[in-house]
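Listing of upload_39.cif; format and content: mmCIF, C-alpha atoms and all ligand atoms.
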data_my_file
#
loop_
_atom_site.group_PDB
_atom_site.id
_atom_site.type_symbol
_atom_site.label_atom_id
_atom_site.label_comp_id
_atom_site.auth_asym_id
_atom_site.auth_seq_id
_atom_site.Cartn_x
_atom_site.Cartn_y
_atom_site.Cartn_z
ATOM 1 C CA MET A 1118 -171.369 -39.280 88.085
ATOM 2 C CA PRO A 1119 -172.018 -37.322 91.332
ATOM 3 C CA ARG A 1120 -169.021 -36.060 93.296
ATOM 4 C CA ILE A 1121 -169.130 -36.954 96.984
ATOM 5 C CA SER A 1122 -167.518 -34.624 99.490
ATOM 6 C CA LEU A 1123 -164.040 -35.604 100.619
ATOM 7 C CA LEU A 1124 -164.223 -33.381 103.685
ATOM 8 C CA PRO A 1125 -165.287 -35.930 106.346
ATOM 9 C CA THR A 1126 -162.538 -38.278 105.126
ATOM 10 C CA VAL A 1127 -159.938 -35.513 105.203
ATOM 11 C CA ALA A 1128 -161.019 -34.577 108.734
ATOM 12 C CA ARG A 1129 -160.844 -38.181 109.971
ATOM 13 C CA GLU A 1130 -157.415 -38.716 108.437
ATOM 14 C CA ILE A 1131 -156.057 -35.529 109.984
ATOM 15 C CA PHE A 1132 -157.493 -35.913 113.463
ATOM 16 C CA LEU A 1133 -157.193 -39.650 114.131
ATOM 17 C CA ARG A 1134 -153.911 -40.309 115.890
ATOM 18 C CA GLU A 1135 -153.199 -43.971 115.125
ATOM 19 C CA HIS A 1136 -153.280 -45.904 111.849
ATOM 20 C CA GLN A 1137 -155.512 -48.978 111.714
ATOM 21 C CA PRO A 1138 -153.608 -52.304 111.824
ATOM 22 C CA ARG A 1139 -152.508 -53.872 108.531
ATOM 23 C CA VAL A 1140 -154.602 -56.742 107.107
ATOM 24 C CA PRO A 1141 -152.458 -58.538 104.459
ATOM 25 C CA GLU A 1142 -154.015 -59.879 101.241
ATOM 26 C CA PRO A 1143 -153.182 -63.116 99.397
ATOM 27 C CA MET A 1144 -150.145 -62.250 97.255
ATOM 28 C CA VAL A 1145 -150.964 -63.402 93.743
ATOM 29 C CA MET A 1146 -154.146 -62.326 91.985
ATOM 30 C CA ASP A 1147 -155.124 -65.469 90.133
ATOM 31 C CA GLU A 1148 -158.788 -66.119 90.907
ATOM 32 C CA PRO A 1149 -160.427 -66.028 87.449
ATOM 33 C CA ASP A 1150 -163.207 -63.591 88.491
ATOM 34 C CA GLN A 1151 -160.611 -61.406 90.229
ATOM 35 C CA VAL A 1152 -158.417 -61.281 87.107
ATOM 36 C CA ALA A 1153 -161.437 -60.591 84.874
ATOM 37 C CA ALA A 1154 -162.794 -57.894 87.210
ATOM 38 C CA PHE A 1155 -159.424 -56.161 87.474
ATOM 39 C CA ALA A 1156 -158.786 -56.346 83.738
ATOM 40 C CA GLU A 1157 -162.297 -55.181 82.880
ATOM 41 C CA ALA A 1158 -162.783 -52.447 85.500
ATOM 42 C CA GLY A 1159 -159.233 -51.328 84.914
ATOM 43 C CA ARG A 1160 -159.491 -50.758 81.168
ATOM 44 C CA ILE A 1161 -157.866 -47.569 80.114
ATOM 45 C CA ASP A 1162 -161.071 -45.592 79.629
ATOM 46 C CA GLY A 1163 -162.732 -47.013 82.760
ATOM 47 C CA ILE A 1164 -162.907 -46.057 86.394
ATOM 48 C CA MET A 1165 -159.138 -46.116 86.832
ATOM 49 C CA SER A 1166 -158.433 -43.813 83.893
ATOM 50 C CA ALA A 1167 -157.565 -40.792 86.060
ATOM 51 C CA SER A 1168 -155.158 -42.766 88.199
ATOM 52 C CA TYR A 1169 -153.601 -44.489 85.162
ATOM 53 C CA LEU A 1170 -153.037 -41.200 83.373
ATOM 54 C CA PHE A 1171 -151.506 -39.549 86.443
ATOM 55 C CA GLN A 1172 -149.070 -42.463 86.908
ATOM 56 C CA SER A 1173 -148.269 -42.710 83.176
ATOM 57 C CA ALA A 1174 -147.385 -39.027 83.086
ATOM 58 C CA ARG A 1175 -145.258 -39.063 86.220
ATOM 59 C CA ILE A 1176 -143.572 -42.326 85.212
ATOM 60 C CA SER A 1177 -142.759 -40.975 81.725
ATOM 61 C CA GLN A 1178 -141.166 -37.971 83.395
ATOM 62 C CA THR A 1179 -138.968 -40.242 85.500
ATOM 63 C CA LEU A 1180 -137.965 -42.614 82.682
ATOM 64 C CA SER A 1181 -137.248 -40.307 79.790
ATOM 65 C CA LYS A 1182 -133.503 -41.174 79.713
ATOM 66 C CA CYS A 1183 -134.037 -44.975 79.844
ATOM 67 C CA LYS A 1184 -133.665 -47.619 77.149
ATOM 68 C CA HIS A 1185 -135.008 -50.665 78.958
ATOM 69 C CA VAL A 1186 -137.403 -50.700 81.920
ATOM 70 C CA LEU A 1187 -138.754 -53.434 84.179
ATOM 71 C CA ASP A 1188 -142.355 -53.263 85.490
ATOM 72 C CA LEU A 1189 -142.703 -55.192 88.769
ATOM 73 C CA GLY A 1190 -146.181 -56.764 89.029
ATOM 74 C CA CYS A 1191 -147.562 -55.656 85.654
ATOM 75 C CA GLY A 1192 -150.921 -57.463 86.118
ATOM 76 C CA PRO A 1193 -153.118 -57.192 82.991
ATOM 77 C CA ALA A 1194 -150.649 -54.622 81.600
ATOM 78 C CA THR A 1195 -153.183 -51.819 81.141
ATOM 79 C CA GLN A 1196 -151.040 -49.276 82.937
ATOM 80 C CA LEU A 1197 -147.877 -50.622 81.327
ATOM 81 C CA ALA A 1198 -149.414 -50.429 77.828
ATOM 82 C CA GLN A 1199 -150.240 -46.745 78.272
ATOM 83 C CA ILE A 1200 -146.720 -45.997 79.523
ATOM 84 C CA ALA A 1201 -145.216 -47.971 76.605
ATOM 85 C CA GLN A 1202 -147.322 -46.061 74.077
ATOM 86 C CA LEU A 1203 -146.163 -42.751 75.545
ATOM 87 C CA ASN A 1204 -142.525 -43.924 75.419
ATOM 88 C CA PRO A 1205 -142.052 -45.773 72.094
ATOM 89 C CA ASN A 1206 -138.243 -45.540 72.314
ATOM 90 C CA ILE A 1207 -138.109 -47.536 75.546
ATOM 91 C CA THR A 1208 -138.553 -51.317 75.696
ATOM 92 C CA PHE A 1209 -140.432 -52.693 78.702
ATOM 93 C CA THR A 1210 -140.489 -56.069 80.434
ATOM 94 C CA GLY A 1211 -143.507 -56.711 82.664
ATOM 95 C CA LEU A 1212 -143.114 -59.288 85.452
ATOM 96 C CA ASP A 1213 -145.938 -60.972 87.356
ATOM 97 C CA LEU A 1214 -146.442 -64.148 89.377
ATOM 98 C CA SER A 1215 -149.963 -64.719 88.053
ATOM 99 C CA GLU A 1216 -150.112 -66.605 84.740
ATOM 100 C CA ASP A 1217 -153.740 -65.548 84.288
ATOM 101 C CA MET A 1218 -152.808 -61.874 84.642
ATOM 102 C CA LEU A 1219 -149.949 -62.321 82.155
ATOM 103 C CA GLU A 1220 -152.273 -64.043 79.687
ATOM 104 C CA SER A 1221 -154.793 -61.207 79.967
ATOM 105 C CA GLY A 1222 -151.906 -58.737 79.530
ATOM 106 C CA ARG A 1223 -150.581 -60.481 76.404
ATOM 107 C CA GLU A 1224 -154.011 -60.343 74.791
ATOM 108 C CA TYR A 1225 -154.291 -56.645 75.591
ATOM 109 C CA ILE A 1226 -150.797 -55.834 74.268
ATOM 110 C CA SER A 1227 -151.406 -57.736 71.073
ATOM 111 C CA ALA A 1228 -154.927 -56.296 70.517
ATOM 112 C CA ASN A 1229 -153.444 -52.796 70.842
ATOM 113 C CA HIS A 1230 -150.481 -53.561 68.537
ATOM 114 C CA ILE A 1231 -147.922 -52.540 71.130
ATOM 115 C CA ASP A 1232 -144.506 -53.857 70.134
ATOM 116 C CA ASN A 1233 -142.204 -52.473 72.855
ATOM 117 C CA VAL A 1234 -143.543 -54.654 75.710
ATOM 118 C CA ARG A 1235 -142.885 -58.261 76.643
ATOM 119 C CA LEU A 1236 -144.311 -60.043 79.663
ATOM 120 C CA GLN A 1237 -142.702 -62.799 81.708
ATOM 121 C CA THR A 1238 -143.261 -64.746 84.911
ATOM 122 C CA GLY A 1239 -141.309 -63.521 87.895
ATOM 123 C CA ASP A 1240 -141.388 -62.847 91.616
ATOM 124 C CA ILE A 1241 -140.574 -59.241 92.495
ATOM 125 C CA THR A 1242 -139.082 -60.260 95.840
ATOM 126 C CA ASN A 1243 -136.434 -62.381 94.070
ATOM 127 C CA LEU A 1244 -135.216 -60.995 90.747
ATOM 128 C CA GLU A 1245 -132.643 -63.743 90.175
ATOM 129 C CA ASP A 1246 -133.056 -63.591 86.363
ATOM 130 C CA PHE A 1247 -131.513 -60.116 86.403
ATOM 131 C CA SER A 1248 -127.839 -59.534 87.073
ATOM 132 C CA ASP A 1249 -126.370 -56.784 89.240
ATOM 133 C CA GLN A 1250 -126.658 -53.228 87.851
ATOM 134 C CA SER A 1251 -128.247 -54.491 84.628
ATOM 135 C CA VAL A 1252 -131.464 -52.436 84.389
ATOM 136 C CA ASP A 1253 -131.679 -48.699 83.736
ATOM 137 C CA GLY A 1254 -135.249 -48.203 84.949
ATOM 138 C CA ILE A 1255 -137.725 -49.951 87.284
ATOM 139 C CA ILE A 1256 -141.394 -49.144 87.818
ATOM 140 C CA SER A 1257 -144.188 -50.708 89.854
ATOM 141 C CA THR A 1258 -147.796 -49.597 90.214
ATOM 142 C CA MET A 1259 -150.234 -50.717 92.894
ATOM 143 C CA VAL A 1260 -148.435 -53.965 93.730
ATOM 144 C CA LEU A 1261 -146.424 -53.642 96.922
ATOM 145 C CA HIS A 1262 -149.420 -53.844 99.307
ATOM 146 C CA GLN A 1263 -149.823 -57.429 98.082
ATOM 147 C CA LEU A 1264 -146.612 -58.504 99.777
ATOM 148 C CA PRO A 1265 -147.743 -60.372 102.900
ATOM 149 C CA GLU A 1266 -144.953 -59.197 105.226
ATOM 150 C CA LEU A 1267 -142.783 -56.121 105.635
ATOM 151 C CA HIS A 1268 -139.637 -58.228 105.216
ATOM 152 C CA LEU A 1269 -140.780 -59.018 101.635
ATOM 153 C CA LEU A 1270 -140.989 -55.294 100.883
ATOM 154 C CA GLU A 1271 -137.465 -55.126 102.265
ATOM 155 C CA SER A 1272 -136.359 -57.989 99.940
ATOM 156 C CA THR A 1273 -137.950 -56.216 96.972
ATOM 157 C CA PHE A 1274 -136.101 -52.986 97.809
ATOM 158 C CA ASN A 1275 -132.834 -54.949 98.160
ATOM 159 C CA GLU A 1276 -133.378 -56.564 94.760
ATOM 160 C CA ILE A 1277 -134.156 -53.193 93.154
ATOM 161 C CA THR A 1278 -130.953 -51.739 94.567
ATOM 162 C CA ARG A 1279 -128.969 -54.750 93.341
ATOM 163 C CA ILE A 1280 -130.179 -54.739 89.711
ATOM 164 C CA LEU A 1281 -130.616 -50.996 89.103
ATOM 165 C CA LYS A 1282 -127.739 -49.255 87.331
ATOM 166 C CA PRO A 1283 -126.088 -46.398 89.283
ATOM 167 C CA GLU A 1284 -128.353 -43.307 89.054
ATOM 168 C CA GLY A 1285 -130.984 -45.539 87.395
ATOM 169 C CA ALA A 1286 -134.608 -44.438 87.176
ATOM 170 C CA LEU A 1287 -137.133 -45.700 89.718
ATOM 171 C CA TYR A 1288 -140.853 -45.092 90.207
ATOM 172 C CA LEU A 1289 -142.841 -47.163 92.698
ATOM 173 C CA VAL A 1290 -146.382 -46.201 93.577
ATOM 174 C CA ASP A 1291 -148.751 -47.878 95.961
ATOM 175 C CA PHE A 1292 -151.494 -47.120 98.434
ATOM 176 C CA GLY A 1293 -150.497 -45.727 101.799
ATOM 177 C CA ARG A 1294 -152.276 -47.096 104.871
ATOM 178 C CA LEU A 1295 -155.172 -44.873 105.906
ATOM 179 C CA LYS A 1296 -155.978 -44.197 109.528
ATOM 180 C CA SER A 1297 -159.659 -45.017 109.476
ATOM 181 C CA PRO A 1298 -161.468 -48.108 108.105
ATOM 182 C CA LYS A 1299 -164.233 -45.653 107.107
ATOM 183 C CA SER A 1300 -161.769 -43.922 104.763
ATOM 184 C CA CYS A 1301 -160.975 -47.294 103.124
ATOM 185 C CA HIS A 1302 -164.688 -47.860 102.672
ATOM 186 C CA PHE A 1303 -165.184 -44.365 101.269
ATOM 187 C CA PHE A 1304 -162.506 -44.666 98.558
ATOM 188 C CA SER A 1305 -163.232 -48.257 97.567
ATOM 189 C CA HIS A 1306 -166.955 -47.531 97.188
ATOM 190 C CA LEU A 1307 -166.701 -44.205 95.310
ATOM 191 C CA ASN A 1308 -167.436 -46.014 92.018
ATOM 192 C CA ALA A 1309 -169.161 -49.088 93.464
ATOM 193 C CA ASP A 1310 -172.191 -48.655 91.190
ATOM 194 C CA HIS A 1311 -169.993 -48.750 88.095
ATOM 195 C CA GLN A 1312 -167.642 -51.647 88.825
ATOM 196 C CA PRO A 1313 -167.910 -55.368 89.636
ATOM 197 C CA THR A 1314 -168.378 -56.088 93.359
ATOM 198 C CA VAL A 1315 -165.261 -58.259 93.366
ATOM 199 C CA PHE A 1316 -163.263 -55.202 92.209
ATOM 200 C CA THR A 1317 -164.729 -53.023 94.996
ATOM 201 C CA ASP A 1318 -163.931 -55.744 97.548
ATOM 202 C CA ASP A 1319 -160.376 -56.140 96.212
ATOM 203 C CA TYR A 1320 -159.862 -52.397 96.309
ATOM 204 C CA GLN A 1321 -161.041 -52.189 99.923
ATOM 205 C CA ALA A 1322 -158.839 -55.145 100.915
ATOM 206 C CA SER A 1323 -155.867 -53.470 99.177
ATOM 207 C CA LEU A 1324 -156.328 -50.313 101.212
ATOM 208 C CA HIS A 1325 -156.336 -52.366 104.429
ATOM 209 C CA ALA A 1326 -153.178 -54.184 103.268
ATOM 210 C CA ALA A 1327 -151.146 -51.052 102.473
ATOM 211 C CA PHE A 1328 -147.850 -50.380 104.223
ATOM 212 C CA LEU A 1329 -147.334 -47.212 106.243
ATOM 213 C CA PHE A 1330 -145.785 -44.117 104.712
ATOM 214 C CA LYS A 1331 -143.152 -44.140 107.473
ATOM 215 C CA GLU A 1332 -142.252 -47.761 106.588
ATOM 216 C CA TYR A 1333 -141.550 -46.636 103.011
ATOM 217 C CA GLN A 1334 -139.504 -43.717 104.319
ATOM 218 C CA GLN A 1335 -137.430 -45.954 106.574
ATOM 219 C CA LEU A 1336 -136.760 -48.670 103.948
ATOM 220 C CA THR A 1337 -135.932 -46.063 101.312
ATOM 221 C CA LYS A 1338 -133.405 -44.454 103.640
ATOM 222 C CA ASP A 1339 -131.913 -47.811 104.690
ATOM 223 C CA ILE A 1340 -131.850 -49.648 101.352
ATOM 224 C CA LEU A 1341 -132.493 -47.640 98.173
ATOM 225 C CA PRO A 1342 -129.828 -45.490 96.476
ATOM 226 C CA SER A 1343 -129.479 -41.930 97.758
ATOM 227 C CA HIS A 1344 -131.026 -40.258 94.685
ATOM 228 C CA ILE A 1345 -134.441 -41.804 95.537
ATOM 229 C CA SER A 1346 -137.092 -39.805 97.459
ATOM 230 C CA VAL A 1347 -140.490 -40.619 98.969
ATOM 231 C CA PHE A 1348 -143.653 -38.556 98.477
ATOM 232 C CA GLY A 1349 -147.083 -39.038 100.017
ATOM 233 C CA SER A 1350 -150.414 -37.516 99.074
ATOM 234 C CA PHE A 1351 -151.497 -34.849 101.540
ATOM 235 C CA PRO A 1352 -153.630 -34.518 103.664
ATOM 236 C CA ILE A 1353 -155.022 -38.004 102.926
ATOM 237 C CA PRO A 1354 -152.046 -40.447 102.887
ATOM 238 C CA MET A 1355 -153.749 -42.557 100.219
ATOM 239 C CA LEU A 1356 -150.786 -42.769 97.807
ATOM 240 C CA THR A 1357 -147.074 -43.257 98.364
ATOM 241 C CA ILE A 1358 -144.583 -42.647 95.547
ATOM 242 C CA VAL A 1359 -140.916 -43.641 95.772
ATOM 243 C CA LYS A 1360 -138.974 -42.165 92.889
ATOM 244 C CA SER A 1361 -135.799 -40.907 91.280
ATOM 245 C CA PRO A 1362 -135.588 -37.246 90.127
ATOM 246 C CA ASP A 1363 -137.730 -35.977 87.240
ATOM 247 C CA GLN A 1364 -136.207 -35.625 83.787
ATOM 248 C CA GLN A 1365 -137.213 -33.237 81.024
ATOM 249 C CA LEU A 1366 -140.237 -34.431 79.027
ATOM 250 C CA SER A 1367 -140.225 -33.742 75.293
ATOM 251 C CA ASN A 1368 -142.717 -31.127 74.087
ATOM 252 C CA GLN A 1369 -144.387 -33.852 72.071
ATOM 253 C CA THR A 1370 -145.035 -36.006 75.159
ATOM 254 C CA ARG A 1371 -146.244 -32.998 77.140
ATOM 255 C CA GLN A 1372 -148.656 -32.124 74.374
ATOM 256 C CA GLN A 1373 -149.864 -35.736 74.300
ATOM 257 C CA LEU A 1374 -150.452 -35.715 78.067
ATOM 258 C CA PHE A 1375 -152.213 -32.377 77.861
ATOM 259 C CA ASN A 1376 -154.540 -33.735 75.154
ATOM 260 C CA MET A 1377 -155.164 -36.965 77.062
ATOM 261 C CA ARG A 1378 -156.256 -34.989 80.113
ATOM 262 C CA GLN A 1379 -158.511 -32.802 77.963
ATOM 263 C CA ASN A 1380 -160.099 -35.913 76.451
ATOM 264 C CA LEU A 1381 -161.034 -37.446 79.803
ATOM 265 C CA PRO A 1382 -164.732 -37.225 80.701
ATOM 266 C CA GLN A 1383 -165.255 -34.351 83.126
ATOM 267 C CA HIS A 1384 -165.600 -36.451 86.316
ATOM 268 C CA TYR A 1385 -162.364 -38.344 85.590
ATOM 269 C CA ARG A 1386 -160.590 -35.072 84.739
ATOM 270 C CA LYS A 1387 -161.692 -33.747 88.142
ATOM 271 C CA GLU A 1388 -160.375 -36.924 89.778
ATOM 272 C CA LEU A 1389 -157.039 -36.541 87.952
ATOM 273 C CA ASP A 1390 -156.820 -32.927 89.116
ATOM 274 C CA ASP A 1391 -157.523 -34.022 92.713
ATOM 275 C CA ILE A 1392 -154.644 -36.530 92.528
ATOM 276 C CA ARG A 1393 -152.357 -33.866 91.005
ATOM 277 C CA PHE A 1394 -153.309 -31.451 93.780
ATOM 278 C CA PHE A 1395 -152.886 -33.922 96.659
ATOM 279 C CA MET A 1396 -149.491 -35.047 95.316
ATOM 280 C CA TRP A 1397 -148.446 -31.430 94.746
ATOM 281 C CA LEU A 1398 -149.336 -30.726 98.392
ATOM 282 C CA GLY A 1399 -147.200 -33.761 99.227
ATOM 283 C CA GLY A 1400 -144.188 -32.131 97.548
ATOM 284 C CA MET A 1401 -144.295 -33.414 93.952
ATOM 285 C CA LYS A 1402 -143.532 -30.402 91.804
ATOM 286 C CA ASN A 1403 -142.899 -30.288 87.977
ATOM 287 C CA ASP A 1404 -146.527 -31.099 87.172
ATOM 288 C CA PRO A 1405 -146.410 -32.794 83.726
ATOM 289 C CA PHE A 1406 -149.951 -31.623 82.834
ATOM 290 C CA LYS A 1407 -149.241 -27.931 83.315
ATOM 291 C CA LYS A 1408 -149.779 -25.882 80.172
ATOM 292 C CA PHE A 1409 -146.467 -24.886 78.573
HETATM 293 C C1 LIG B 1501 -153.344 -54.734 91.783
HETATM 294 S S1 LIG B 1501 -152.435 -55.542 90.543
HETATM 295 C C2 LIG B 1501 -151.621 -54.165 89.761
HETATM 296 C C3 LIG B 1501 -151.304 -54.424 88.333
HETATM 297 C C4 LIG B 1501 -150.696 -53.291 87.552
HETATM 298 N N1 LIG B 1501 -149.375 -52.934 88.021
HETATM 299 C C5 LIG B 1501 -151.589 -52.068 87.505
HETATM 300 O O1 LIG B 1501 -151.208 -51.018 88.024
HETATM 301 O O2 LIG B 1501 -152.673 -52.149 86.930
HETATM 302 C C6 LIG B 1501 -151.131 -56.302 91.456
HETATM 303 C C7 LIG B 1501 -150.371 -57.358 90.677
HETATM 304 O O3 LIG B 1501 -149.189 -57.714 91.409
HETATM 305 C C8 LIG B 1501 -148.962 -59.108 91.243
HETATM 306 N N2 LIG B 1501 -148.065 -59.575 92.319
HETATM 307 C C9 LIG B 1501 -148.296 -59.600 93.646
HETATM 308 N N3 LIG B 1501 -147.214 -60.061 94.299
HETATM 309 C C10 LIG B 1501 -146.272 -60.324 93.367
HETATM 310 C C11 LIG B 1501 -144.935 -60.832 93.420
HETATM 311 N N4 LIG B 1501 -144.350 -61.152 94.576
HETATM 312 N N5 LIG B 1501 -144.253 -60.958 92.267
HETATM 313 C C12 LIG B 1501 -144.828 -60.648 91.083
HETATM 314 N N6 LIG B 1501 -146.096 -60.172 90.977
HETATM 315 C C13 LIG B 1501 -146.810 -60.020 92.104
HETATM 316 C C14 LIG B 1501 -150.365 -59.717 91.275
HETATM 317 O O4 LIG B 1501 -150.406 -60.999 90.694
HETATM 318 C C15 LIG B 1501 -151.151 -58.653 90.459
HETATM 319 O O5 LIG B 1501 -151.169 -58.961 89.097
#
Represent the supplied structure as structure tokens.
Ligand SMILES: C[S@@+](CC[C@H](N)C(=O)[O-])C[C@H]1O[C@@H](n2cnc3c(N)ncnc32)[C@H](O)[C@@H]1O
Amino acid sequence: MPRISLLPTVAREIFLREHQPRVPEPMVMDEPDQVAAFAEAGRIDGIMSASYLFQSARISQTLSKCKHVLDLGCGPATQLAQIAQLNPNITFTGLDLSEDMLESGREYISANHIDNVRLQTGDITNLEDFSDQSVDGIISTMVLHQLPELHLLESTFNEITRILKPEGALYLVDFGRLKSPKSCHFFSHLNADHQPTVFTDDYQASLHAAFLFKEYQQLTKDILPSHISVFGSFPIPMLTIVKSPDQQLSNQTRQQLFNMRQNLPQHYRKELDDIRFFMWLGGMKNDPFKKF
């Protein structure tokens, strides 16, 4: 797959002063072709493999002291399944509002014989099934941009703070809002020839729906516990990560991650290394893929 230069996008994102306005998406992904496209294009060895592996590694590093973890907006559970396989001693509950996504997730979990994951219906903005300080870890990947209004992100943060145990583990990752619509087009169309059009369109809409990095910073400061920090990719503010401090990964997990990176096809390995580099520039140290 050819690599397209990132330079014009970097330049636009640095030199444009204002961010484009937010265009919210419908919250739940339950159109059948949308679910199928996301599940299919998002399979673990597909076009999202670099992003999945980066998040699985960083999430494992955050969760390594946990026993039970909640995944907010698990979708078809592809990302969750990889995290669960890397962390067999942790049990995971995936929550989603879309029954079709949960059904696709259950099939995937069962086909891959993963026994430390269960999936249930739930709204991440109202976690009433979970009592105060009852959960020792919470994760969420690529979901928060789907909340139609900022006040729902605020509700989600309030719920996280309510149910998380003191010093509990947290890892939330989502897109950050880009400054230029051309940048959204650039990223969503990088793999357009290799993915269903509905996936490309969803991806582009997601980038337009992302919240601002400074909104995450403000809500984290106002609502989340004090051990949580916010990191953004630099110089393109494409990803925002809100997380608790890293823990020590076992040598076995590090070796696994190292091997998984080595086994990626070269273009996905390059993409993973780009994400590692941009997040490192954004302040995320303790790279879990570094040779030890
Ligand atoms: C883009 S998918 C991401 C899925 C998965 N976390 C991943 O990384 O592959 C976003 C998911 O969030 C779910 N979602 C959106 N708003 C939600 C809400 N308020 N409560 C629960 N799930 C929600 C959608 O139904 C969809 O399955």
Exercise for review: Give me the residues within 9 Å of stretch 1251-1266 of chain A as a PyMOL selection string, counting all atoms listed in the file and dropping any in the same chain fewer than 6 places off.
Suggested key: chain A and resi 1140-1146+1172+1176+1179-1180+1182-1192+1196-1197+1242+1273+1277+1279-1293+1323-1328+1360
Once the PyMOL selection byres (((chain A and resi 1353) around 8) and not hetatm) has been evaluated on this model, what residues remain selected, and can you format them as a PDB file with C-alpha atoms, in the frame of the given file?
ATOM      1  CA  THR A1126    -162.538 -38.278 105.126  1.00  0.00           C
ATOM      2  CA  VAL A1127    -159.938 -35.513 105.203  1.00  0.00           C
ATOM      3  CA  GLU A1130    -157.415 -38.716 108.437  1.00  0.00           C
ATOM      4  CA  ILE A1131    -156.057 -35.529 109.984  1.00  0.00           C
ATOM      5  CA  LEU A1295    -155.172 -44.873 105.906  1.00  0.00           C
ATOM      6  CA  SER A1350    -150.414 -37.516  99.074  1.00  0.00           C
ATOM      7  CA  PHE A1351    -151.497 -34.849 101.540  1.00  0.00           C
ATOM      8  CA  PRO A1352    -153.630 -34.518 103.664  1.00  0.00           C
ATOM      9  CA  PRO A1354    -152.046 -40.447 102.887  1.00  0.00           C
ATOM     10  CA  MET A1355    -153.749 -42.557 100.219  1.00  0.00           C
ATOM     11  CA  PHE A1395    -152.886 -33.922  96.659  1.00  0.00           C
TER      12      PHE A1395
END
Taking (-141.7, -48.0, 75.8) in the coordinates of the supplied file, I want to know which residues reach to within 10 Å of it, counting all atoms listed in the file; could you give the answer as a compact mmCIF listing (two decimals) with C-alpha atoms, keeping the file's coordinate frame?
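New file point28.txt:
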# COMPACT_ATOMS: atom_id res chain seq x y z
CA SER A 1177 -142.76 -40.98 81.72
CA LEU A 1180 -137.96 -42.61 82.68
CA SER A 1181 -137.25 -40.31 79.79
CA CYS A 1183 -134.04 -44.98 79.84
CA LYS A 1184 -133.66 -47.62 77.15
CA HIS A 1185 -135.01 -50.66 78.96
CA VAL A 1186 -137.40 -50.70 81.92
CA LEU A 1197 -147.88 -50.62 81.33
CA ALA A 1198 -149.41 -50.43 77.83
CA GLN A 1199 -150.24 -46.74 78.27
CA ILE A 1200 -146.72 -46.00 79.52
CA ALA A 1201 -145.22 -47.97 76.60
CA GLN A 1202 -147.32 -46.06 74.08
CA LEU A 1203 -146.16 -42.75 75.54
CA ASN A 1204 -142.52 -43.92 75.42
CA PRO A 1205 -142.05 -45.77 72.09
CA ASN A 1206 -138.24 -45.54 72.31
CA ILE A 1207 -138.11 -47.54 75.55
CA THR A 1208 -138.55 -51.32 75.70
CA PHE A 1209 -140.43 -52.69 78.70
CA THR A 1210 -140.49 -56.07 80.43
CA ILE A 1231 -147.92 -52.54 71.13
CA ASP A 1232 -144.51 -53.86 70.13
CA ASN A 1233 -142.20 -52.47 72.86
CA VAL A 1234 -143.54 -54.65 75.71
Point to revise | Gap from atom CA of A:Glu1245 to atom N2 of ligand LIG 1501 (chain B) - Å, one decimal | key: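 Between atom CA of A:Glu1245 and atom N2 of ligand LIG 1501 (chain B) the gap is 16.1 Å.
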Exercise for review: Go ahead and compute the interatomic distance for atom CA of A:Tyr1333 and atom CA of A:Ala1194, in Å to one decimal.
Suggested key: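 A separation of 24.6 Å between them.
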